[in-house]
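This report refers to the structure that appears directly beneath it.
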Amino acid sequence: MYGTEVRKTFRQVPFAQVAIEDSFWTPRLVAHKNVTLQTCLFELALKGTIANFSRAGKIIEGTFFEGYFFDDSDLYKVIEGAAYSLMTSPDPLLETRIDRIIDLIVAAQEDDGYLMTYFTLEAPDQKWTEMGKHEMYCGGHLMEAAVAYKQATGKRKLLDVAIKLADHYDATFGPGKRYWVEGHEEIELALVKLYRETGEKRYRDLAKWLLEERGSGHGADESWYNPDQEFCQGNIPIREMEKAVGHAVRAMYLYAAMTDVTSCGHDPEGYADVLDRVWDNTVNKRMYVTGGVGSSRDNEGFTEDYDLPNDTAYCETCASIGLVLWSHRMNLLHGDASYADVMERAMFNSALAGVSLDGFRFFYVNPLASKGGHARSTWHGCACCPSNIARFIPSIGNYTYATGERSAVVNIYQQGSAKLKLGNGQSVRIVQRTEYPWEGRSKLTIYPAGDAADGSAFALLLRKPDWCGQATLLVNGYPVENITMEKGYMVVDRVWRDGDTVTVDLAMPVERVYAHPKVKANEGKVAIRRGPIVYCVEGVDFRQPLDELVLDRDTVLAGEKRDDLLGGVVVVSGGAADAGEGGFRAVPYYAWGNRELGGSMAVWINEVRPDRGIEAG
Ligand SMILES: [Zn+2]
């Protein structure tokens, strides 16, 4: 009875079905295509990552390896991003460049299917000896890239590499074969993706086995990242997990994979409760207001409940993207808007902060406060974050819509159009006009397929975000009284005819947000939010140091659209921020560090004057 999607409440609407013509996202997509992708391909060539494949494939001479041992994965992630870009924005030149790189990957794959250039070149006798050496992590990213490139171009050369690699894993590891506990999760969700593309159940079963091996005691080896440690979520069996632990990117990929396996209907009873527990712990006790996760630099990950320091916050860009991946899967699994609330929070804030507005510079670490000196770089020695941005931005349309059996679901308000196919086979086109996230008003026009005279009955589900206190709905201009709510969605269930309109208006006042009292770092402080956007203050806007800034409780704050600032944003301003120190201005957190490299910044602002005596103590 295993289908590919049996447990899901909602189905994904792939971004290729979603045309984005949105004043917020379109400039990011243009910067991605013209700058980020080009930067990534240039840097990977410069760093020698591409040449590693040429040497491993004996296309050029030499057996030395350049870079970090896991750098293959960066190239795979950029290919995945290029594939996504090609799906919505065809580009023969880019496709030719990627085809040539794929030829190098084909050459680098060994006869038995093994693929990882570090081991082929530098340590062929050390394969599969250290579980912390990212062999399957790299393989997982290859599989994701291969599925994406096949879907984008119809070409299956890279997919055949992925299948050969997955078959190699399947022949080597599993029940009655060798043990393996991969030190960095990723392979598990990738195998599910490969299963969905090929229908080959062995890949799904291998993903499940790899998940079940965690915490079995089979991970102990001599590697510096021992998979039996909490750092790799390998200290206990995954069914016993209560909290989000360890390295945050690893954790997010693990939880995403568990959600995938659950939604495949494989082990229908086991993981859902675990995921709910860990979700609750993550978003209520271990997540920043920006959607950042992983508060500590020491383990690049989770520590204790409510331990959320601001200036030392790690909040790796990859972890925020990982949280988007996980929350999206949870939304589809449960059909509940609260998961999309978290998805939106990470998308519009912590993940988006990972790349500059021009698409050229990247944050690895996303603190919520800086006294200065923290700036986006054009590249990173460990390039996991730029390459993750390269695949995240072009797939942003994945998160806009979903479908149920007889429902069309709007998760993210975004201007453009989409073709949706409901579970029962009905089709509908939705055209959306909005200035979201700057305005809370969106007008949707509905075009059901088929006989327009008879109309088409289905439910339109519109997410009422967690930040929104008051929402109104108009259908064909008439107000809807007593809006029906279902799992965080406003439901309009009716017979639709071509050109019917729904106007949703989400009240979007400037809000003061307070942290849980157990978060010591935010005592006496306030954060500012308007709609899904979290704000920060930047040193460039103030004469005094930001930690001397006080935003009085009675200061009236207002949003103002400024098209001349940061690519067009709503700034939040108010009266005197501190007696005699001029006006107050806050800008969106995602856009910080674009006017001044390495300037100071703070999300949490003093609302009461800090007690100097206590501070000195
Ligand atoms: Zn990263």
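Just remember, in the structure tokens the first chain shown is A, the second B, etc., residues are 1-based per chain, and ligands are 1-based in the order shown.
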Problem - Selection within 6 Å of ligand 1 by only C-alpha atoms and all ligand atoms, output as number ranges by chain - result: A: 316-318, 364, 384-385
Include C-alpha atoms and write out the residues we just selected as a PDB file, in the first residue's frame.
```pdb
ATOM      1  CA  GLU A 316      24.143  29.415   9.512  1.00  0.00           C
ATOM      2  CA  THR A 317      22.467  30.366   6.246  1.00  0.00           C
ATOM      3  CA  CYS A 318      22.261  26.653   5.349  1.00  0.00           C
ATOM      4  CA  TYR A 364      27.707  32.163   6.403  1.00  0.00           C
ATOM      5  CA  CYS A 384      28.173  25.417   1.571  1.00  0.00           C
ATOM      6  CA  CYS A 385      26.168  28.606   2.136  1.00  0.00           C
TER       7      CYS A 385
END
```
Handout entry: strand (DSSP E or B) positions in region 434-531 of chain A, given as number ranges by chain
Key = A: 434, 441-448, 456-463, 471-475, 478-479, 484-486, 489-496, 500-506, 510-513, 525-530
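Here CA of Leu506 (chain A) is placed at a distance of 7.7 Å from CA of Lys464 (chain A).
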Would you list the contacts of Phe302 (chain A) as a JSON list (two decimals) with C-alpha atoms, in the first residue's frame, taking every protein, DNA or RNA residue within 9 Å and counting only C-alpha atoms, but skipping same-chain residues closer than 6 positions in sequence?
```
[["chain", "number", "residue", "atom", "x", "y", "z"],
["A", 231, "PHE", "CA", 26.61, 16.55, 17.09],
["A", 244, "ALA", "CA", 16.54, 19.57, 18.29],
["A", 245, "VAL", "CA", 20.20, 18.79, 18.96],
["A", 246, "GLY", "CA", 23.64, 19.03, 17.45],
["A", 247, "HIS", "CA", 24.79, 20.65, 14.26],
["A", 248, "ALA", "CA", 21.83, 22.62, 12.94],
["A", 286, "ARG", "CA", 15.38, 27.05, 20.04],
["A", 293, "VAL", "CA", 18.44, 28.15, 14.16],
["A", 294, "GLY", "CA", 21.64, 26.89, 15.73],
["A", 295, "SER", "CA", 22.71, 29.43, 18.33],
["A", 296, "SER", "CA", 26.27, 28.31, 19.08]]
```
Problem - Residues near Val147 (chain A), cut-off 10 Å, only C-alpha atoms, skip fewer than 6 positions along chain, as a ChimeraX atom specification - result: /A:80,83,154-156,158-160,162,190,193-198
Handout entry: Spatial neighbours of Asp563 (chain A), max dist 12 Å, only C-alpha atoms, sep filter under 5 positions, as a ChimeraX atom specification
Key = /A:23-24,438,568-571
Could you turn the residues from that selection into a file that holds N, CA, C and O atoms, as a PDB file, in the first residue's frame?
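Output (again-v3.pdb):
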```pdb
ATOM      1  N   SER A  23       7.378  42.305  -7.209  1.00  0.00           N
ATOM      2  CA  SER A  23       8.387  43.361  -7.018  1.00  0.00           C
ATOM      3  C   SER A  23       9.380  43.001  -5.921  1.00  0.00           C
ATOM      4  O   SER A  23      10.479  43.530  -5.873  1.00  0.00           O
ATOM      5  N   PHE A  24       9.024  42.069  -5.056  1.00  0.00           N
ATOM      6  CA  PHE A  24       9.958  41.634  -4.013  1.00  0.00           C
ATOM      7  C   PHE A  24      10.890  40.534  -4.512  1.00  0.00           C
ATOM      8  O   PHE A  24      12.105  40.614  -4.359  1.00  0.00           O
ATOM      9  N   TRP A 438       5.074  44.102   1.619  1.00  0.00           N
ATOM     10  CA  TRP A 438       4.961  45.497   2.080  1.00  0.00           C
ATOM     11  C   TRP A 438       3.518  45.887   2.343  1.00  0.00           C
ATOM     12  O   TRP A 438       3.241  46.793   3.121  1.00  0.00           O
ATOM     13  N   GLY A 568      13.942  49.199  -2.484  1.00  0.00           N
ATOM     14  CA  GLY A 568      12.519  49.411  -2.258  1.00  0.00           C
ATOM     15  C   GLY A 568      12.040  48.618  -1.060  1.00  0.00           C
ATOM     16  O   GLY A 568      11.767  47.420  -1.181  1.00  0.00           O
ATOM     17  N   VAL A 569      11.959  49.275   0.081  1.00  0.00           N
ATOM     18  CA  VAL A 569      11.527  48.590   1.309  1.00  0.00           C
ATOM     19  C   VAL A 569      10.612  49.508   2.093  1.00  0.00           C
ATOM     20  O   VAL A 569      10.592  50.715   1.878  1.00  0.00           O
ATOM     21  N   VAL A 570       9.854  48.919   3.015  1.00  0.00           N
ATOM     22  CA  VAL A 570       9.159  49.715   4.012  1.00  0.00           C
ATOM     23  C   VAL A 570      10.120  49.897   5.191  1.00  0.00           C
ATOM     24  O   VAL A 570      10.617  48.901   5.740  1.00  0.00           O
ATOM     25  N   VAL A 571      10.440  51.139   5.528  1.00  0.00           N
ATOM     26  CA  VAL A 571      11.236  51.393   6.723  1.00  0.00           C
ATOM     27  C   VAL A 571      10.271  51.708   7.860  1.00  0.00           C
ATOM     28  O   VAL A 571       9.152  52.180   7.638  1.00  0.00           O
TER      29      VAL A 571
END
```
Could you give me, as a tab-separated table, a per-residue list for region 136-250 of chain A showing, wherever an atom lies at most 9 Å from an atom of region 263-277 of chain A, the closest pair of atoms and their distance in Å to one decimal, using only C-alpha atoms and sorting by chain then residue number from low to high?
```
residue	atom	partner	partner_atom	distance
A:Val192	CA	A:Cys264	CA	8.4
A:Arg204	CA	A:His266	CA	8.3
A:Asp205	CA	A:His266	CA	8.3
A:Lys208	CA	A:His266	CA	8.0
A:Ile238	CA	A:Val274	CA	7.8
A:Arg239	CA	A:Val274	CA	6.1
A:Glu240	CA	A:Val274	CA	7.4
A:Met241	CA	A:Val274	CA	6.4
A:Glu242	CA	A:Arg277	CA	5.9
A:Lys243	CA	A:Arg277	CA	7.1
```
Handout entry: Spatial neighbours of Ser356 (chain A), 8 Å, only C-alpha atoms, chain gap at least 6 places, as a list in words
Key =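 These residues fall inside the cut-off: Phe362, Arg376, Ala591, Gly593 and Asn594 of chain A.
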Generate a file of the selected residues that holds N, CA, C and O atoms, formatted as a PDB file, in the first residue's frame.
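This went into result-v5.pdb:
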```pdb
ATOM      1  N   PHE A 362      27.834  36.884   0.359  1.00  0.00           N
ATOM      2  CA  PHE A 362      27.111  35.869   1.131  1.00  0.00           C
ATOM      3  C   PHE A 362      27.506  35.891   2.607  1.00  0.00           C
ATOM      4  O   PHE A 362      28.679  36.033   2.937  1.00  0.00           O
ATOM      5  N   ARG A 376      29.199  40.418   4.587  1.00  0.00           N
ATOM      6  CA  ARG A 376      29.090  39.332   3.606  1.00  0.00           C
ATOM      7  C   ARG A 376      30.373  39.268   2.787  1.00  0.00           C
ATOM      8  O   ARG A 376      30.962  40.295   2.448  1.00  0.00           O
ATOM      9  N   ALA A 591      17.920  42.838   4.726  1.00  0.00           N
ATOM     10  CA  ALA A 591      18.625  43.806   3.870  1.00  0.00           C
ATOM     11  C   ALA A 591      19.791  44.479   4.598  1.00  0.00           C
ATOM     12  O   ALA A 591      20.433  45.353   4.045  1.00  0.00           O
ATOM     13  N   GLY A 593      23.446  45.367   6.119  1.00  0.00           N
ATOM     14  CA  GLY A 593      24.795  45.165   5.596  1.00  0.00           C
ATOM     15  C   GLY A 593      24.926  45.436   4.113  1.00  0.00           C
ATOM     16  O   GLY A 593      25.939  45.097   3.516  1.00  0.00           O
ATOM     17  N   ASN A 594      23.919  46.031   3.513  1.00  0.00           N
ATOM     18  CA  ASN A 594      24.007  46.360   2.087  1.00  0.00           C
ATOM     19  C   ASN A 594      24.438  47.809   1.843  1.00  0.00           C
ATOM     20  O   ASN A 594      24.880  48.146   0.751  1.00  0.00           O
TER      21      ASN A 594
END
```
Handout entry: helix (DSSP H, G or I) per DSSP on the backbone: members of region 309-387 of chain A, as a PyMOL selection string
Key = chain A and resi 317-334+337-354+384-387
Problem - Contacts of Gly57 (chain A) within 7 Å, only C-alpha atoms, excl. fewer than 2 positions in-chain, as a ChimeraX atom specification - result: /A:53-55,59,104,107-108
Serialized selection, all heavy atoms, as a short mmCIF file (atom, residue, chain, number, x, y, z; two decimals), in the first residue's frame:
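Saved the output as selection_36.cif:
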```
data_model
loop_
_atom_site.label_atom_id
_atom_site.label_comp_id
_atom_site.auth_asym_id
_atom_site.auth_seq_id
_atom_site.Cartn_x
_atom_site.Cartn_y
_atom_site.Cartn_z
N PHE A 53 37.26 17.12 -10.67
CA PHE A 53 36.53 16.12 -11.47
C PHE A 53 37.32 15.78 -12.74
O PHE A 53 37.35 14.62 -13.16
CB PHE A 53 35.14 16.65 -11.83
CG PHE A 53 34.18 16.63 -10.66
CD1 PHE A 53 34.10 17.70 -9.79
CD2 PHE A 53 33.38 15.52 -10.45
CE1 PHE A 53 33.23 17.68 -8.71
CE2 PHE A 53 32.49 15.49 -9.37
CZ PHE A 53 32.43 16.56 -8.49
N SER A 54 37.95 16.78 -13.34
CA SER A 54 38.73 16.53 -14.56
C SER A 54 39.88 15.58 -14.27
O SER A 54 40.17 14.67 -15.06
CB SER A 54 39.29 17.85 -15.12
OG SER A 54 38.24 18.74 -15.40
N ARG A 55 40.55 15.77 -13.12
CA ARG A 55 41.66 14.88 -12.78
C ARG A 55 41.16 13.49 -12.38
O ARG A 55 41.72 12.48 -12.79
CB ARG A 55 42.51 15.48 -11.65
CG ARG A 55 43.51 16.53 -12.14
CD ARG A 55 44.48 16.92 -11.04
NE ARG A 55 43.79 17.49 -9.89
CZ ARG A 55 43.36 18.74 -9.80
NH1 ARG A 55 43.58 19.59 -10.78
NH2 ARG A 55 42.73 19.17 -8.72
N ILE A 59 40.81 13.24 -17.38
CA ILE A 59 40.72 14.11 -18.55
C ILE A 59 41.94 15.03 -18.59
O ILE A 59 42.44 15.38 -19.65
CB ILE A 59 39.40 14.90 -18.52
CG1 ILE A 59 38.25 13.92 -18.81
CG2 ILE A 59 39.40 16.05 -19.52
CD1 ILE A 59 36.87 14.48 -18.56
N LEU A 104 32.31 15.98 -17.11
CA LEU A 104 33.44 15.74 -16.19
C LEU A 104 33.01 14.84 -15.03
O LEU A 104 33.77 13.99 -14.57
CB LEU A 104 33.97 17.07 -15.65
CG LEU A 104 34.38 18.12 -16.68
CD1 LEU A 104 34.86 19.39 -15.99
CD2 LEU A 104 35.47 17.57 -17.60
N ALA A 107 32.83 11.33 -16.17
CA ALA A 107 34.18 10.76 -16.28
C ALA A 107 34.76 10.40 -14.91
O ALA A 107 35.52 9.44 -14.77
CB ALA A 107 35.10 11.74 -17.00
N ALA A 108 34.39 11.19 -13.89
CA ALA A 108 34.97 11.00 -12.56
C ALA A 108 34.34 9.83 -11.81
O ALA A 108 34.90 9.35 -10.81
CB ALA A 108 34.82 12.28 -11.73
#
```
Problem - For CA of Gly372 (chain A) and CA of Ala586 (chain A), the interatomic separation in Å (one decimal) - result: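 Rounded to one decimal, the two atoms are 16.8 Å apart.
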Exercise for the section: Please measure the separation of CA of Trp379 (chain A) and CA of Ala31 (chain A), giving the value in Å to one decimal. Expected result: 15.9 Å
Sorted by chain and rising residue number, list the residues of region 326-386 of chain A at most 10 Å from region 390-395 of chain A (counting only C-alpha atoms), each with its closest atom pair and distance in Å to one decimal, as a Markdown table.
```
| residue | atom | partner | partner_atom | distance |
| --- | --- | --- | --- | --- |
| A:Met347 | CA | A:Phe392 | CA | 9.5 |
| A:Ala351 | CA | A:Phe392 | CA | 8.9 |
| A:Leu352 | CA | A:Ile393 | CA | 8.4 |
| A:Val355 | CA | A:Ala390 | CA | 9.5 |
| A:Gly359 | CA | A:Ala390 | CA | 9.4 |
| A:Cys384 | CA | A:Ala390 | CA | 9.9 |
| A:Cys385 | CA | A:Ala390 | CA | 8.5 |
| A:Pro386 | CA | A:Ala390 | CA | 6.2 |
```
Exercise for the section: Counting only C-alpha atoms, figure out which residue out of A:Leu165, A:Thr88, A:Pro479, A:Ile98 gets nearest to Glu110 (chain A). Expected result: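 Result for the nearest residue to Glu110 (chain A): A:Leu165.
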Handout entry: Residue nearest Tyr399 (chain A) - candidates A:Gly583, A:Pro14, A:Gly322, A:Pro465, atoms counted: only C-alpha atoms
Key = A:Pro14
